[in-house]
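*Asks:* The structure under discussion is supplied below as structure tokens; questions concerning it will follow.
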Amino acid sequence: MKAKSQLIFFVFTLSILNLCAQIPPGYYNSAQGLTGAPLKTALHNIIKNHTSVSYTSLWTHFQTTDKKTNGKVWDIYSDIPGGTPPYVFTFSTDQCGSYAVEGDCYNREHSWPQSWFNSATTPSSDMFHIYPTDGKVNGVRSNYPYGDVDSAAWTSLNGSKFGFCKDLGYTGAVFEPIDEYKGDVARGYFYMSTRYESEDTGWSTSGGTNKSVILPWLASVLLQWSHLDTVSAKEIARNNAIYQIQNNRNPYIDNPHWADSIWTIISIGITEEILFETNTLLFPNPAKDKFYIANTGNIDYVASISVYNTLGQQIKNFENIKLVRNNRSQFSIDCEKWNAGLYFISITQDDKIKVVRFIKD
């Protein structure tokens, strides 16, 4: 009975927060009915030119945007939702300063690291990707991408992990927050990629980004995280609070489905969902110089075949390829001069798509 009453209270609270979401009438009108890249550009035009605050003022703004009901700092790297956190921070009193171990102090964590945008002024203080977090954990995370950790080399007191990535398409070191905050950082990344679209001159590349573009492997991870950890009351309240400060909103908190529309279409190959059955075989995989696409079914069909790199760029395209049934060596693609690494092979029949991940040795 207690659990049921708590659930009813949470649903009621979330409903009230949604009713008070403070989205101005007509705010997203220009984005309605759009999908993919046009939707992303429309959202950019809506949220750009926000009121940029000073980096120093973040210490004060956190007291509005990231405060728990008990008045303490809401630190996503130490909090344990539904449990007891290993430590809590008091605003101002526990502000970093220096640190040696967890619990020493909190600082300003750029979830999209500053080195990725070369410390440009406006994104340096954009609150939609900046959180108050434990200084030690922030230091361990450093400027590594987010991702799913294979075997943790280090684990924080709340269960956040650092180690090599197990996600397909990236083998470097990554940082993985706990499940309850994965959607928060994912939607922050979708915001950053949208807010600074076409405004990223001078930005750098990283293991997960090319300027403001999220690479397909990371987009895939972030979409999964956004589904795992859906929009919470905390995020809605934070979105509202930041709107009062910056005069813009995070569209992916207000309308979470837009992330799927944009990144599933833009980042072709981030999902292996098979939308039609073609009995299509790609072999060998991995390959050094040549691979084949074969129709192992009982019906001939005509398809378009495209090859994309991990930046989402199309590097090869073949139209009106007739794949004859039971012909294993009919259509081949020469990959000898390609750079070694991951590629996505998209096979399209009418409006149905099958995507295969391909490794060039």
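FYI, nothing fancy with the structure tokens labels: chains A, B, ... in order, residues from 1 per chain, ligands from 1 as they appear.
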Taking 5 positions as the minimum chain separation for residues in the same chain, which residues sit within 10 Å of Leu168 of chain A when counting only C-alpha atoms? Answer as a list in words.
*Replies:*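 Contacts, with the query itself left out: Asp148, Trp217, Leu218, Ser220, Val221, Ile270, Leu342 and Arg357 of chain A.
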*Asks:* So that I can check the secondary structure, give me every residue of segment 50-163 of chain A assigned helix (DSSP H, G or I) by backbone DSSP, as a list of chain:residue names.
*Replies:*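 DSSP-assigned helix (DSSP H, G or I) residues in segment 50-163 of chain A: A:Leu58, A:Trp59, A:Thr60, A:His61, A:Phe62, A:Gln63, A:Thr64, A:Thr65, A:Gln114, A:Ser115, A:Trp116, A:Phe117, A:Thr121, A:Thr122, A:Pro123, A:Ser124, A:Met127, A:Phe128, A:His129, A:Gly135, A:Lys136, A:Val137, A:Asn138, A:Gly139, A:Val140, A:Arg141.
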*Asks:* Please provide the set of residues having any atom within 6 Å of segment 103-111 of chain A, restricted to only C-alpha atoms, with same-chain residues fewer than 3 positions apart removed, written as a list of chain:residue names.
*Replies:*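 Residues near the query, excluding close chain neighbours: A:Asp94, A:Gln95, A:Cys96, A:Tyr99, A:His129, A:Ile130, A:Tyr131, A:Pro132, A:Thr133, A:Asp134, A:Gly135.
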*Asks:* Applying 8 Å and only C-alpha atoms, which residues near Tyr196 of chain A remain after dropping the ones on its own chain fewer than 6 positions away? List them as an mmCIF file with C-alpha atoms, in the first residue's frame.
*Replies:*
data_model
loop_
_atom_site.group_PDB
_atom_site.id
_atom_site.type_symbol
_atom_site.label_atom_id
_atom_site.label_comp_id
_atom_site.auth_asym_id
_atom_site.auth_seq_id
_atom_site.Cartn_x
_atom_site.Cartn_y
_atom_site.Cartn_z
ATOM 1 C CA HIS A 44 18.264 25.195 -33.548
ATOM 2 C CA LYS A 48 19.668 29.809 -30.467
ATOM 3 C CA SER A 212 28.824 19.699 -32.780
#
*Asks:* Looking at only C-alpha atoms, which of A:Thr171, A:Thr84, A:Thr205, A:Asn158 is the one that sits closest to Trp116 of chain A?
*Replies:*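 When distances to Trp116 of chain A are compared using only C-alpha atoms, the smallest one comes from A:Thr205.
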*Asks:* Applying 8 Å and only C-alpha atoms, which residues near Asp300 of chain A remain after dropping the ones on its own chain fewer than 3 positions away? List them as a short mmCIF file (atom, residue, chain, number, x, y, z; two decimals) with N, CA and C atoms, in the first residue's frame.
*Replies:*
data_model
loop_
_atom_site.label_atom_id
_atom_site.label_comp_id
_atom_site.auth_asym_id
_atom_site.auth_seq_id
_atom_site.Cartn_x
_atom_site.Cartn_y
_atom_site.Cartn_z
N ASN A 295 21.68 -12.42 -52.04
CA ASN A 295 20.28 -12.72 -51.75
C ASN A 295 20.15 -14.22 -51.57
N GLY A 297 17.45 -15.68 -50.36
CA GLY A 297 16.04 -16.06 -50.33
C GLY A 297 15.56 -16.65 -51.63
N LYS A 322 20.01 -5.32 -58.86
CA LYS A 322 19.13 -6.49 -58.82
C LYS A 322 19.86 -7.64 -58.14
N LEU A 323 19.30 -8.07 -57.03
CA LEU A 323 19.87 -9.19 -56.29
C LEU A 323 19.06 -10.44 -56.60
N VAL A 324 19.72 -11.30 -57.36
CA VAL A 324 19.06 -12.52 -57.83
C VAL A 324 19.07 -13.57 -56.72
N ARG A 325 17.98 -14.27 -56.56
CA ARG A 325 17.85 -15.27 -55.49
C ARG A 325 18.92 -16.35 -55.63
#
*Asks:* Any idea what's packed within 10 Å of Val53 of chain A, counting only C-alpha atoms, ignoring anything in its chain fewer than 6 positions away? Could you give it as number ranges by chain?
*Replies:* A: 61, 121-122, 124-127, 245-246
*Asks:* Quick one: everything within 8 Å of Ile262 of chain A, counting only C-alpha atoms, minus sequence neighbours fewer than 2 positions away in the same chain. Send it as a PDB file with N, CA and C atoms, in the first residue's frame.
*Replies:*
ATOM      1  N   THR A  35      10.796  16.205 -39.507  1.00  0.00           N
ATOM      2  CA  THR A  35      11.584  15.077 -39.017  1.00  0.00           C
ATOM      3  C   THR A  35      13.026  15.237 -39.498  1.00  0.00           C
ATOM      4  N   GLY A  36      13.912  14.440 -38.916  1.00  0.00           N
ATOM      5  CA  GLY A  36      15.284  14.389 -39.383  1.00  0.00           C
ATOM      6  C   GLY A  36      16.007  15.721 -39.315  1.00  0.00           C
ATOM      7  N   ALA A  37      16.890  15.954 -40.290  1.00  0.00           N
ATOM      8  CA  ALA A  37      17.718  17.160 -40.310  1.00  0.00           C
ATOM      9  C   ALA A  37      16.899  18.453 -40.334  1.00  0.00           C
ATOM     10  N   LEU A  39      14.075  19.036 -38.931  1.00  0.00           N
ATOM     11  CA  LEU A  39      13.593  19.236 -37.565  1.00  0.00           C
ATOM     12  C   LEU A  39      14.713  19.775 -36.684  1.00  0.00           C
ATOM     13  N   LYS A  40      15.889  19.211 -36.795  1.00  0.00           N
ATOM     14  CA  LYS A  40      17.023  19.648 -35.978  1.00  0.00           C
ATOM     15  C   LYS A  40      17.349  21.116 -36.253  1.00  0.00           C
ATOM     16  N   TRP A 258      11.546  13.529 -30.294  1.00  0.00           N
ATOM     17  CA  TRP A 258      12.273  14.209 -31.364  1.00  0.00           C
ATOM     18  C   TRP A 258      13.690  13.663 -31.517  1.00  0.00           C
ATOM     19  N   ALA A 259      14.301  13.184 -30.456  1.00  0.00           N
ATOM     20  CA  ALA A 259      15.656  12.637 -30.554  1.00  0.00           C
ATOM     21  C   ALA A 259      15.691  11.430 -31.482  1.00  0.00           C
ATOM     22  N   ASP A 260      14.694  10.569 -31.359  1.00  0.00           N
ATOM     23  CA  ASP A 260      14.640   9.403 -32.238  1.00  0.00           C
ATOM     24  C   ASP A 260      14.428   9.819 -33.682  1.00  0.00           C
ATOM     25  N   THR A 264      17.958   8.864 -35.497  1.00  0.00           N
ATOM     26  CA  THR A 264      17.773   7.606 -36.213  1.00  0.00           C
ATOM     27  C   THR A 264      17.862   7.838 -37.706  1.00  0.00           C
ATOM     28  N   ILE A 265      17.418   9.015 -38.166  1.00  0.00           N
ATOM     29  CA  ILE A 265      17.452   9.327 -39.595  1.00  0.00           C
ATOM     30  C   ILE A 265      18.815   9.870 -40.014  1.00  0.00           C
ATOM     31  N   ILE A 266      19.369  10.818 -39.228  1.00  0.00           N
ATOM     32  CA  ILE A 266      20.647  11.426 -39.595  1.00  0.00           C
ATOM     33  C   ILE A 266      21.772  10.419 -39.521  1.00  0.00           C
TER      34      ILE A 266
END
